[in-house]
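See below for the structure under consideration.
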Amino acid sequence: MNSLLKEIFSCNVPETALAFSLPDCLIVMAVAALLGVFIAALYKATYQGVMYTMTYGVTLVGMAMISAMILRVVTSNVVLTLGMVGALSIIRFRTSIKEPMDIMYMFWAVGVGIAVGAGMLGVAIIGSLVIGAVVVFLTRGRTNGVPYILVLNAQDQAAENAALALVKDQVKRMRLKSKSVTKAGTELTLDIRLKEENTDFMHEVAAMEGITNAVLVTYNGEYMT
């Protein structure tokens with residue numbers, strides 16, 4: 001058993017490769033994971049879009065770790081470097097980017113992985129702290145809170161205007177998503193952000209004269225409830 005472990009983790013590698021060190025590998029992956037979690041947490045805290053997807057945060061952590069692992073392989077063996085470049089050249093990414101800042105976070109995660117994989121832990125840590133501080137400074141006070149969709153059915157324009165005025169006073173932000181007008185009445189779809197997690201105003205809206213239906217739903221990019 002000892003001979004097998006010695007053979008697996010042996011430092012007798014070709015001259016074109018660097019010696020494999022299990023402690024160094026674990027440190028690199030651990031630092032990459034911690035910095036990836038930091039990036040994902042900051043992404044969630046400063047997200048300004050409509051639909052936050054938790055899987056993207058997990059992807060950022062994975063990208064930091066994978067980038068660090070790839071760079072360790074690339075810097076250890078010239079032959080493996082050529083093979084890695086050839087393998088990665090056939091990969092095509094089809095997923096669309098929903099928010100412009102998602103691109104920044106993606107490159108940030110990759111950059112952290114590259115720095116950690118190259119052994120520049122200080123650059124990765126200090127760089128992440130500085131970037132994080134700048135992002136927080138530029139986005140402070142601009143988070144939108146939990147997104148809600150409000151659907152209203154009004155019999156006439158007077159009821160519609162009264163309902164919109166009441167909702168506007170109760171929420172932090174309101175934006176019209178769609179408006180459907182028929183002979184039976186008007187259906188409004190609004191994107192709103194609540195001042196507080198209090199939905200009692202919905203009873204007032206539903207009780208207004210001319211309002212036949214009022215529905216409030218929340219969503220996180222993966223499902224609606």
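Chain labels follow the order of the structure tokens: the first chain is A, the next B, and so on; residue numbering restarts at 1 in every chain, and ligands are counted from 1 in their shown order.
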
Extract, using only C-alpha atoms, all DNA, RNA and protein residues at most 12 Å from Ile66 in chain A, discarding same-chain residues fewer than 4 positions from it, and format them as a compact mmCIF listing (two decimals) with C-alpha atoms, in the first residue's frame.
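Result went into out_35.txt, see below:
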```
# COMPACT_ATOMS: atom_id res chain seq x y z
CA VAL A 28 -4.25 26.01 -4.54
CA MET A 29 -7.68 24.40 -4.84
CA ALA A 30 -8.76 25.60 -1.39
CA ALA A 32 -9.44 29.10 -5.49
CA ALA A 33 -12.62 27.74 -3.89
CA GLY A 36 -14.76 31.73 -5.86
CA THR A 59 -20.59 28.27 -11.78
CA LEU A 60 -18.33 31.13 -10.66
CA VAL A 61 -16.88 28.97 -7.88
CA GLY A 62 -16.35 26.10 -10.29
CA ILE A 70 -5.87 23.84 -15.71
CA LEU A 71 -3.08 26.35 -15.15
CA ARG A 72 -1.28 23.98 -12.80
CA VAL A 73 -1.35 21.36 -15.54
CA ALA A 109 -13.43 34.08 -11.60
CA VAL A 110 -11.20 32.93 -14.45
CA GLY A 111 -8.56 35.55 -13.58
CA VAL A 112 -8.55 34.45 -9.95
CA GLY A 113 -8.11 30.84 -11.00
CA ILE A 114 -5.21 31.76 -13.28
CA VAL A 116 -3.92 31.06 -7.95
CA GLY A 117 -2.85 28.34 -10.37
```

Excluding range 152-157 of chain A and its own-chain neighbours fewer than 6 positions away, which residues fall within 10 Å of it when counting only C-alpha atoms? Please give them as a PyMOL selection string. chain A and resi 163-164+179-190+205-206+208-216

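Our summary of the geometry notes that CA of Asn161 in chain A is positioned 17.9 Å from CA of Ile149 in chain A.
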
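Closest to Cys25 in chain A among A:Thr53, A:Ala165, A:Thr46, A:Met65 is A:Met65, based on only C-alpha atoms.
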
Polymer residues at most 7 Å from Ile192 in chain A, only C-alpha atoms, same-chain spacing of 2 or more positions, as number ranges by chain: A: 147-149, 171, 173-175, 190, 194

Can you pull out the residues contacting Ile131 in chain A? Cut-off 9 Å, using only C-alpha atoms, and skip same-chain residues under 5 positions away; I want them as a ChimeraX atom specification. /A:108,126,136

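Considering only C-alpha atoms, the residue among A:Val217, A:Met101, A:Tyr56, A:Val31 positioned nearest to Gly119 in chain A is A:Val31.
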
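Relative to CA of Glu196 in chain A, CA of Ala159 in chain A is found at 25.1 Å.
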
Measuring between only C-alpha atoms, which one of A:Ala68, A:Val135, A:Ile27, A:Ala124 shows the shortest distance to Ala45 in chain A? A:Val135

If you run DSSP on this backbone, which residues of range 62-210 of chain A come out as alpha helix (DSSP H), and could you give them as a count of residues only? 82

Any chance you could list, as a ChimeraX atom specification, the residues in range 31-196 of chain A that come up strand (DSSP E) when DSSP is run on the backbone? /A:147-154,171-182,185-194

Separation of CA of Gly57 in chain A and CA of Ala40 in chain A, in Å? 4.7 Å

One residue among A:Lys177, A:Lys172, A:His203, A:Arg140 is nearest to Tyr47 in chain A when using only C-alpha atoms, and that residue is A:Arg140
